[in-house]
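Written out below as structure tokens is the structure these notes cover.
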Amino acid sequence: MSIESLYQDIILDHYKNPRGRGLLAAPLGVAFHVNPTCGDEVNMQVATAADGGLLIGYEGTGCSISQASASVLYELVRGLPVAEAEKIRMAFLELMHSQGHAEPDEEVLGDAIAFVGVAKYPARIKCALLPWMALQDAEIKGGLMTEANGDQK
């Protein structure tokens, strides 16, 4: 089995069996993003748990890449402090802007390394980034980060 085939299987598994799909009862921040090119949509919600860990809720429709990306995002950042979640988000953005030439750190990105092949296709990068950009906006709207530099408040 090739590495590309393995990555494709990871993306399809997250698409067919989304992790954490569903909205929060009392979100602090909400962001609805649409990819105007293809119509993919994601509604991302955030809140914090009593221990300060990030709570995430989301719903969406669209291609396997955008929806699998939301599932991977959920698995990677739920329960983390906002600052740690932001480091993972930035690592994913770097991966998506690598044009497929990155050597992703599996320790940081987990299943998100499967998207390294997506980075080769500019038309699909927006699909993969959709939930990650919605996460940033939801954190800002919820007062969990400042808009200027993404730092935790």
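By order of appearance in the structure tokens: chains A, B, ..., then residues from 1 within every chain, and ligands from 1 in the order shown.
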DSSP-assigned strand (DSSP E) among stretch 35-127 of chain A, expressed as a ChimeraX atom specification: /A:41-48,54-61
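Within 12 Å of A:Gly29, once only C-alpha atoms are used and residues closer than 3 positions along the same chain are dropped, the contacting residues are Leu23, Leu24, Ala25, Ala26, Phe32, Asn43, Met44, Gln45, Val46, Ala47, Thr48, Leu54, Leu55, Ile56, Gly57, Tyr58, Ala134, Leu135, Gln136, Asp137, Ala138, Glu139, Ile140, Lys141, Gly142, Gly143, Leu144 and Met145 of chain A.
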Next, dump the selected residues to file, keeping only C-alpha atoms, as a PDB file, in the first residue's frame.
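Result file follows (selection26.pdb):
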```
ATOM      1  CA  LEU A  23     -23.237  21.764  17.772  1.00  0.00           C
ATOM      2  CA  LEU A  24     -22.545  22.995  21.298  1.00  0.00           C
ATOM      3  CA  ALA A  25     -25.339  23.887  23.722  1.00  0.00           C
ATOM      4  CA  ALA A  26     -23.715  27.179  24.792  1.00  0.00           C
ATOM      5  CA  PHE A  32     -19.975  30.161   9.530  1.00  0.00           C
ATOM      6  CA  ASN A  43     -20.488  26.125  11.083  1.00  0.00           C
ATOM      7  CA  MET A  44     -17.786  26.070  13.781  1.00  0.00           C
ATOM      8  CA  GLN A  45     -18.521  26.697  17.451  1.00  0.00           C
ATOM      9  CA  VAL A  46     -16.146  27.017  20.392  1.00  0.00           C
ATOM     10  CA  ALA A  47     -16.350  27.277  24.152  1.00  0.00           C
ATOM     11  CA  THR A  48     -14.064  26.423  27.038  1.00  0.00           C
ATOM     12  CA  LEU A  54     -11.259  23.985  24.104  1.00  0.00           C
ATOM     13  CA  LEU A  55     -14.730  22.641  23.363  1.00  0.00           C
ATOM     14  CA  ILE A  56     -15.628  22.378  19.680  1.00  0.00           C
ATOM     15  CA  GLY A  57     -18.863  21.794  17.867  1.00  0.00           C
ATOM     16  CA  TYR A  58     -19.353  21.819  14.133  1.00  0.00           C
ATOM     17  CA  ALA A 134     -13.617  29.025  10.824  1.00  0.00           C
ATOM     18  CA  LEU A 135     -12.001  27.820  14.055  1.00  0.00           C
ATOM     19  CA  GLN A 136      -9.812  30.925  14.186  1.00  0.00           C
ATOM     20  CA  ASP A 137     -12.780  33.228  13.586  1.00  0.00           C
ATOM     21  CA  ALA A 138     -14.923  31.436  16.182  1.00  0.00           C
ATOM     22  CA  GLU A 139     -12.122  31.763  18.757  1.00  0.00           C
ATOM     23  CA  ILE A 140     -11.793  35.470  18.025  1.00  0.00           C
ATOM     24  CA  LYS A 141     -15.560  36.053  18.177  1.00  0.00           C
ATOM     25  CA  GLY A 142     -15.731  34.093  21.419  1.00  0.00           C
ATOM     26  CA  GLY A 143     -13.054  36.281  22.967  1.00  0.00           C
ATOM     27  CA  LEU A 144     -10.604  33.403  23.227  1.00  0.00           C
ATOM     28  CA  MET A 145      -7.995  35.115  20.980  1.00  0.00           C
TER      29      MET A 145
END
```
8 Å contact set for stretch 98-110 of chain A, only C-alpha atoms, chain neighbours under 2 positions out, as a PDB file with N, CA and C atoms, in the first residue's frame:
```pdb
ATOM      1  N   LEU A  76      -7.880  16.704  16.847  1.00  0.00           N
ATOM      2  CA  LEU A  76      -6.581  17.251  17.225  1.00  0.00           C
ATOM      3  C   LEU A  76      -6.645  18.304  18.325  1.00  0.00           C
ATOM      4  N   ILE A  88      -1.257  24.087  16.550  1.00  0.00           N
ATOM      5  CA  ILE A  88      -1.627  23.023  15.611  1.00  0.00           C
ATOM      6  C   ILE A  88      -2.274  23.629  14.366  1.00  0.00           C
ATOM      7  N   ALA A  91       0.411  25.011  12.200  1.00  0.00           N
ATOM      8  CA  ALA A  91       1.150  23.933  11.541  1.00  0.00           C
ATOM      9  C   ALA A  91       0.361  23.400  10.346  1.00  0.00           C
ATOM     10  N   PHE A  92      -0.968  23.311  10.491  1.00  0.00           N
ATOM     11  CA  PHE A  92      -1.792  22.845   9.382  1.00  0.00           C
ATOM     12  C   PHE A  92      -1.778  23.866   8.243  1.00  0.00           C
ATOM     13  N   GLU A  94       0.617  25.910   7.521  1.00  0.00           N
ATOM     14  CA  GLU A  94       1.931  25.782   6.887  1.00  0.00           C
ATOM     15  C   GLU A  94       1.954  24.579   5.948  1.00  0.00           C
ATOM     16  N   LEU A  95       1.380  23.463   6.391  1.00  0.00           N
ATOM     17  CA  LEU A  95       1.297  22.274   5.554  1.00  0.00           C
ATOM     18  C   LEU A  95       0.527  22.567   4.269  1.00  0.00           C
ATOM     19  N   MET A  96      -0.595  23.257   4.385  1.00  0.00           N
ATOM     20  CA  MET A  96      -1.431  23.528   3.220  1.00  0.00           C
ATOM     21  C   MET A  96      -0.782  24.501   2.245  1.00  0.00           C
ATOM     22  N   ALA A 112      -3.851  14.751  10.354  1.00  0.00           N
ATOM     23  CA  ALA A 112      -3.817  15.878   9.415  1.00  0.00           C
ATOM     24  C   ALA A 112      -2.675  15.760   8.412  1.00  0.00           C
ATOM     25  N   ILE A 113      -1.682  14.903   8.693  1.00  0.00           N
ATOM     26  CA  ILE A 113      -0.607  14.721   7.714  1.00  0.00           C
ATOM     27  C   ILE A 113      -1.153  14.135   6.414  1.00  0.00           C
ATOM     28  N   VAL A 116      -1.272  16.317   3.167  1.00  0.00           N
ATOM     29  CA  VAL A 116      -0.087  16.790   2.457  1.00  0.00           C
ATOM     30  C   VAL A 116      -0.286  16.694   0.944  1.00  0.00           C
ATOM     31  N   GLY A 117      -0.969  15.661   0.475  1.00  0.00           N
ATOM     32  CA  GLY A 117      -1.236  15.525  -0.952  1.00  0.00           C
ATOM     33  C   GLY A 117      -2.213  16.565  -1.472  1.00  0.00           C
ATOM     34  N   VAL A 118      -3.135  16.983  -0.627  1.00  0.00           N
ATOM     35  CA  VAL A 118      -4.113  18.009  -1.001  1.00  0.00           C
ATOM     36  C   VAL A 118      -3.393  19.325  -1.303  1.00  0.00           C
ATOM     37  N   ALA A 119      -2.292  19.587  -0.591  1.00  0.00           N
ATOM     38  CA  ALA A 119      -1.550  20.835  -0.759  1.00  0.00           C
ATOM     39  C   ALA A 119      -0.973  20.992  -2.164  1.00  0.00           C
ATOM     40  N   LYS A 120      -0.938  19.925  -2.934  1.00  0.00           N
ATOM     41  CA  LYS A 120      -0.439  19.979  -4.310  1.00  0.00           C
ATOM     42  C   LYS A 120      -1.468  20.577  -5.265  1.00  0.00           C
ATOM     43  N   TYR A 121      -2.708  20.682  -4.811  1.00  0.00           N
ATOM     44  CA  TYR A 121      -3.803  21.113  -5.683  1.00  0.00           C
ATOM     45  C   TYR A 121      -4.433  22.392  -5.146  1.00  0.00           C
ATOM     46  N   PRO A 122      -4.045  23.545  -5.698  1.00  0.00           N
ATOM     47  CA  PRO A 122      -4.527  24.826  -5.175  1.00  0.00           C
ATOM     48  C   PRO A 122      -6.048  24.927  -5.051  1.00  0.00           C
TER      49      PRO A 122
END
```
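Close contacts of A:Glu86, defined as residues with an atom at most 8 Å away when counting only C-alpha atoms, with chain neighbours fewer than 3 positions off set aside, comprise Val82, Ala83, Arg89, Met90, Gln136 and Gly150 of chain A.
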Selected residues written out, N, CA and C atoms, as a PDB file, in the first residue's frame:
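So the final result, stored in result-v5.pdb, reads:
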```pdb
ATOM      1  N   VAL A  82      -6.296  26.951  24.295  1.00  0.00           N
ATOM      2  CA  VAL A  82      -6.400  27.664  23.020  1.00  0.00           C
ATOM      3  C   VAL A  82      -5.020  27.885  22.395  1.00  0.00           C
ATOM      4  N   ALA A  83      -4.024  28.228  23.192  1.00  0.00           N
ATOM      5  CA  ALA A  83      -2.682  28.482  22.657  1.00  0.00           C
ATOM      6  C   ALA A  83      -2.106  27.235  21.977  1.00  0.00           C
ATOM      7  N   ARG A  89      -3.135  24.625  14.568  1.00  0.00           N
ATOM      8  CA  ARG A  89      -3.781  25.283  13.428  1.00  0.00           C
ATOM      9  C   ARG A  89      -2.734  25.914  12.517  1.00  0.00           C
ATOM     10  N   MET A  90      -1.749  26.561  13.104  1.00  0.00           N
ATOM     11  CA  MET A  90      -0.697  27.199  12.303  1.00  0.00           C
ATOM     12  C   MET A  90       0.151  26.148  11.571  1.00  0.00           C
ATOM     13  N   GLN A 136     -10.463  29.677  13.781  1.00  0.00           N
ATOM     14  CA  GLN A 136      -9.812  30.925  14.186  1.00  0.00           C
ATOM     15  C   GLN A 136     -10.854  32.023  14.395  1.00  0.00           C
ATOM     16  N   GLY A 150      -3.608  36.578  16.767  1.00  0.00           N
ATOM     17  CA  GLY A 150      -4.012  35.242  17.107  1.00  0.00           C
ATOM     18  C   GLY A 150      -3.615  34.821  18.510  1.00  0.00           C
TER      19      GLY A 150
END
```
All helix (DSSP H, G or I) positions in stretch 62-141 of chain A, as number ranges by chain: A: 64-77, 82-96, 106-116, 118-120, 122-141
Keeping only C-alpha atoms, write the selected residues as a compact mmCIF listing (two decimals), in the first residue's frame.
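Output below, filename result_11.txt:
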```txt
# COMPACT_ATOMS: atom_id res chain seq x y z
CA SER A 64 -14.80 14.73 1.49
CA ILE A 65 -11.78 17.00 1.99
CA SER A 66 -13.58 19.82 3.80
CA GLN A 67 -15.64 17.51 5.97
CA ALA A 68 -12.73 15.18 6.80
CA SER A 69 -10.65 18.23 7.65
CA ALA A 70 -13.29 19.34 10.20
CA SER A 71 -13.26 15.86 11.75
CA VAL A 72 -9.46 15.81 11.98
CA LEU A 73 -9.49 19.32 13.47
CA TYR A 74 -11.92 18.19 16.14
CA GLU A 75 -9.77 15.21 17.10
CA LEU A 76 -6.58 17.25 17.22
CA VAL A 77 -7.61 20.31 19.22
CA VAL A 82 -6.40 27.66 23.02
CA ALA A 83 -2.68 28.48 22.66
CA GLU A 84 -1.84 24.82 21.93
CA ALA A 85 -4.75 24.51 19.50
CA GLU A 86 -3.47 27.61 17.71
CA LYS A 87 -0.01 26.03 17.28
CA ILE A 88 -1.63 23.02 15.61
CA ARG A 89 -3.78 25.28 13.43
CA MET A 90 -0.70 27.20 12.30
CA ALA A 91 1.15 23.93 11.54
CA PHE A 92 -1.79 22.84 9.38
CA LEU A 93 -1.79 26.18 7.54
CA GLU A 94 1.93 25.78 6.89
CA LEU A 95 1.30 22.27 5.55
CA MET A 96 -1.43 23.53 3.22
CA GLU A 106 3.00 13.52 12.78
CA GLU A 107 3.49 14.27 16.49
CA VAL A 108 1.90 17.70 15.96
CA LEU A 109 -0.53 17.01 13.12
CA GLY A 110 -1.68 13.42 13.70
CA ASP A 111 -4.13 12.40 10.95
CA ALA A 112 -3.82 15.88 9.41
CA ILE A 113 -0.61 14.72 7.71
CA ALA A 114 -2.93 12.94 5.28
CA PHE A 115 -3.67 16.34 3.73
CA VAL A 116 -0.09 16.79 2.46
CA VAL A 118 -4.11 18.01 -1.00
CA ALA A 119 -1.55 20.84 -0.76
CA LYS A 120 -0.44 19.98 -4.31
CA PRO A 122 -4.53 24.83 -5.17
CA ALA A 123 -8.24 24.38 -5.89
CA ARG A 124 -8.54 21.89 -3.01
CA ILE A 125 -6.52 23.81 -0.42
CA LYS A 126 -9.50 26.06 0.34
CA CYS A 127 -11.58 22.96 1.03
CA ALA A 128 -9.06 21.66 3.58
CA LEU A 129 -8.58 25.08 5.21
CA LEU A 130 -12.29 25.89 5.56
CA PRO A 131 -12.84 24.49 9.08
CA TRP A 132 -9.43 25.69 10.31
CA MET A 133 -10.14 29.28 9.30
CA ALA A 134 -13.62 29.02 10.82
CA LEU A 135 -12.00 27.82 14.05
CA GLN A 136 -9.81 30.92 14.19
CA ASP A 137 -12.78 33.23 13.59
CA ALA A 138 -14.92 31.44 16.18
CA GLU A 139 -12.12 31.76 18.76
CA ILE A 140 -11.79 35.47 18.03
CA LYS A 141 -15.56 36.05 18.18
```
Non-local contacts of A:Gly53 (6 Å; only C-alpha atoms; under 5 positions in same chain excluded) as JSON, numbers by chain: {"A": [48, 79, 80, 81]}
Export, as a compact mmCIF listing (two decimals), in the first residue's frame, the selected residues with C-alpha atoms.
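Listed below is the output, out10.txt:
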```txt
# COMPACT_ATOMS: atom_id res chain seq x y z
CA THR A 48 -14.06 26.42 27.04
CA GLY A 79 -9.66 19.70 25.09
CA LEU A 80 -6.43 21.60 24.46
CA PRO A 81 -5.71 25.09 25.75
```
Top pick for closest residue to A:Ala49, considering A:Arg78, A:Thr61, A:Ser5, A:Pro36 and counting only C-alpha atoms: A:Arg78
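Here atom CA of A:Val30 and atom CA of A:Val42 stand 10.4 Å from one another.
Here atom CA of A:Gly60 and atom CA of A:Ile11 stand 15.7 Å from one another.
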Between atom CA of A:Ala31 and atom CA of A:Gly62, distance in Å (one decimal): 16.4 Å
